[in-house]
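Colleague: For reference, the structure I am asking about is given below.
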Amino acid sequence: FNKEKYYLLKKNVTIISDTFELSADLVKAYFDKDLYDIIKMDSKGNVSLKSNNNTRASGEKININIETENIIIWGKNSLLISDQIKMMSNEKIQVNNSTGAFNITGLDSKLQNNDILISGSLIDGQFSKLNNTNEFEKVYVEDREQINIKTTTLDMYALQADYDKQNDTIELFDNVRILRDNDTIHGDYAKINIKNESYKVTSKKSERVKVLLDNKNE
């Protein structure tokens, strides 16, 4: 479709370029000046993507805007892996590689790296490249029923949470529950220092505050 500046590729599609390789059942590719000047691709059916910047993605549908470096993945078992970051959803994953912004939606969505696992129905965040590796630095997660954040030593539940890597903190809001070793603590709000594993939990009903410190700091 030269006038509309796109073309359709059907059945067992494979596109190989200098920067990525994509396979799907159907691909609608938009071009700028000629057929090889692809600026955007909409792909459907068993889509798989590999790029030369250590990014892998798969889903029922993937849209890629090469100019804005934006990628959207739809469908059950959607997956995006970039360096140490892993994103999983049964609905939608959206990432902008130029700004570092990402959004994951759908029941039991997950965001994971080597240190932490975050689960919820909505996960918004920002990642940046540190020592040539992508790392998420700010994350907001919510769920009507329950979010879950796990580290090597803590298992945390709430309705909402904020993660801040720069300050090494996690804040939990509403129906808070924290499990560590044999301890289980409930409250309405908690602030955790990931670095030294100290945390403060408050409760509106009792107006009590419980502070737990790592044994090394007690």
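Chain labels run A, B, ... following the order of the structure tokens; each chain numbers its residues from 1, and ligands are numbered from 1 in the order shown.
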Please identify the strand (DSSP E) residues within segment 16-204 of chain A (assignment by DSSP from backbone atoms) and present them as number ranges by chain.

Modeller: A: 16, 20-31, 38-51, 55-65, 70-74, 78-82, 85-89, 92-96, 101-112, 117-130, 133-150, 155-164, 169-180, 183-193, 198-202

Colleague: Please provide as number ranges by chain all residues within 10 Å of His186 of chain A, with the sequence filter that same-chain residues fewer than 3 positions apart are discarded (counting only C-alpha atoms).

Modeller: A: 157-158, 174-179, 189-190, 201-203, 210

Colleague: Which one of A:Tyr36, A:Phe127, A:Tyr163, A:Phe173 sits closest to Gln146 of chain A if you count only C-alpha atoms?

Modeller: A:Phe173

Colleague: Taking 2 positions as the minimum chain separation for residues in the same chain, which residues sit within 7 Å of Ile147 of chain A when counting only C-alpha atoms? Answer as a ChimeraX atom specification.

Modeller: /A:119-120,142-143,149,157-160

Colleague: Choose the residue, out of A:Val139, A:Leu8, A:Val13, A:Leu26, that has the smallest atom-to-atom separation from Gln126 of chain A; count only C-alpha atoms.

Modeller: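 Result for the nearest residue to Gln126 of chain A: A:Val139.
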
Colleague: Using only C-alpha atoms, what table do you get, as CSV, when you list each residue of segment 114-151 of chain A with an atom no more than 7 Å from segment 82-91 of chain A, its nearest pair of atoms, and their distance in Å rounded to one decimal, rows by chain then rising number?

Modeller:
residue,atom,partner,partner_atom,distance
A:Asn114,CA,A:Gln84,CA,6.6
A:Thr133,CA,A:Asp83,CA,6.1
A:Asn134,CA,A:Asp83,CA,5.9
A:Glu135,CA,A:Ile85,CA,6.6

Colleague: Could you tell me which of A:Asn46, A:Lys5, A:Glu197, A:Ile192 comes closest to Ser23 of chain A if we count only C-alpha atoms?

Modeller: A:Asn46

Colleague: Nearest to Arg56 of chain A: which of A:Gln94, A:Lys28, A:Phe20, A:Gly75 is it, counting only C-alpha atoms?

Modeller: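 Residue with the minimum atom-to-atom distance to Arg56 of chain A: A:Phe20.
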
Colleague: What is the atom CA of Val95 of chain A-atom CA of Ile39 of chain A distance in Å, reported with one decimal?

Modeller: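 Atom CA of Ile39 of chain A lies 16.7 Å from atom CA of Val95 of chain A.
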
Colleague: Any idea what's packed within 10 Å of Lys195 of chain A, counting only C-alpha atoms, ignoring anything in its chain fewer than 4 positions away? Could you give it as a list in words?

Modeller: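 Result of the neighbour search: Lys165, Asn167, Asp168 and Thr169 of chain A.
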
Colleague: Residues at most 6 Å from Ser48 of chain A, counting only C-alpha atoms, excluding those fewer than 6 positions away in the same chain, as a PyMOL selection string?

Modeller: chain A and resi 22-23+57-58

Colleague: Using atom CA of Asn77 of chain A and atom CA of Leu154 of chain A as the two end points, give the distance in Å to one decimal.

Modeller: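 So the answer is 26.5 Å.
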
Colleague: How many Å separate atom CA of Ser98 of chain A from atom CA of Asn54 of chain A?

Modeller: 15.0 Å

Colleague: So, with only C-alpha atoms as the atoms that count, which of A:Ser78, A:Ser128, A:Thr68, A:Ser43 lies closest to Gly106 of chain A?

Modeller: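 Distance minimum relative to Gly106 of chain A lands on A:Ser78.
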
Colleague: Mind checking which residues fall within 10 Å of Asp18 of chain A, counting only C-alpha atoms, ignoring those fewer than 3 positions away in the same chain, and posting them as a count of residues only?

Modeller: 3

Colleague: Pick out the closest residue to Asp115 of chain A from this set: A:Thr14, A:Thr152, A:Val141, A:Phe136. Count only C-alpha atoms.

Modeller: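 Among the listed residues, the smallest separation from Asp115 of chain A belongs to A:Thr152.
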
Colleague: Which residues, written as a PDB file with N, CA, C and O atoms, in the first residue's frame, have at least one atom at most 8 Å from Leu117 of chain A, with only C-alpha atoms counted and residues fewer than 3 positions away on the same chain left out?

Modeller:
ATOM      1  N   LYS A 110       3.558  -8.686  36.986  1.00  0.00           N
ATOM      2  CA  LYS A 110       4.777  -8.837  37.781  1.00  0.00           C
ATOM      3  C   LYS A 110       5.921  -8.026  37.196  1.00  0.00           C
ATOM      4  O   LYS A 110       6.041  -7.871  35.975  1.00  0.00           O
ATOM      5  N   LEU A 111       6.758  -7.537  38.113  1.00  0.00           N
ATOM      6  CA  LEU A 111       8.001  -6.849  37.770  1.00  0.00           C
ATOM      7  C   LEU A 111       9.094  -7.435  38.646  1.00  0.00           C
ATOM      8  O   LEU A 111       8.941  -7.523  39.861  1.00  0.00           O
ATOM      9  N   GLN A 112      10.205  -7.827  38.030  1.00  0.00           N
ATOM     10  CA  GLN A 112      11.206  -8.577  38.788  1.00  0.00           C
ATOM     11  C   GLN A 112      12.618  -8.213  38.332  1.00  0.00           C
ATOM     12  O   GLN A 112      12.861  -7.953  37.148  1.00  0.00           O
ATOM     13  N   ASN A 113      13.542  -8.186  39.302  1.00  0.00           N
ATOM     14  CA  ASN A 113      14.969  -8.191  38.991  1.00  0.00           C
ATOM     15  C   ASN A 113      15.642  -9.170  39.938  1.00  0.00           C
ATOM     16  O   ASN A 113      14.975  -9.993  40.561  1.00  0.00           O
ATOM     17  N   ASN A 148       1.900  -7.489  46.311  1.00  0.00           N
ATOM     18  CA  ASN A 148       2.897  -8.286  47.020  1.00  0.00           C
ATOM     19  C   ASN A 148       4.290  -7.863  46.563  1.00  0.00           C
ATOM     20  O   ASN A 148       4.544  -7.736  45.366  1.00  0.00           O
ATOM     21  N   ILE A 149       5.162  -7.625  47.523  1.00  0.00           N
ATOM     22  CA  ILE A 149       6.560  -7.307  47.225  1.00  0.00           C
ATOM     23  C   ILE A 149       7.433  -8.254  48.033  1.00  0.00           C
ATOM     24  O   ILE A 149       7.290  -8.347  49.251  1.00  0.00           O
ATOM     25  N   LYS A 150       8.341  -8.942  47.345  1.00  0.00           N
ATOM     26  CA  LYS A 150       9.220  -9.897  48.011  1.00  0.00           C
ATOM     27  C   LYS A 150      10.682  -9.541  47.773  1.00  0.00           C
ATOM     28  O   LYS A 150      11.088  -9.247  46.652  1.00  0.00           O
ATOM     29  N   THR A 151      11.443  -9.558  48.869  1.00  0.00           N
ATOM     30  CA  THR A 151      12.896  -9.502  48.779  1.00  0.00           C
ATOM     31  C   THR A 151      13.426 -10.822  49.333  1.00  0.00           C
ATOM     32  O   THR A 151      12.660 -11.734  49.613  1.00  0.00           O
TER      33      THR A 151
END
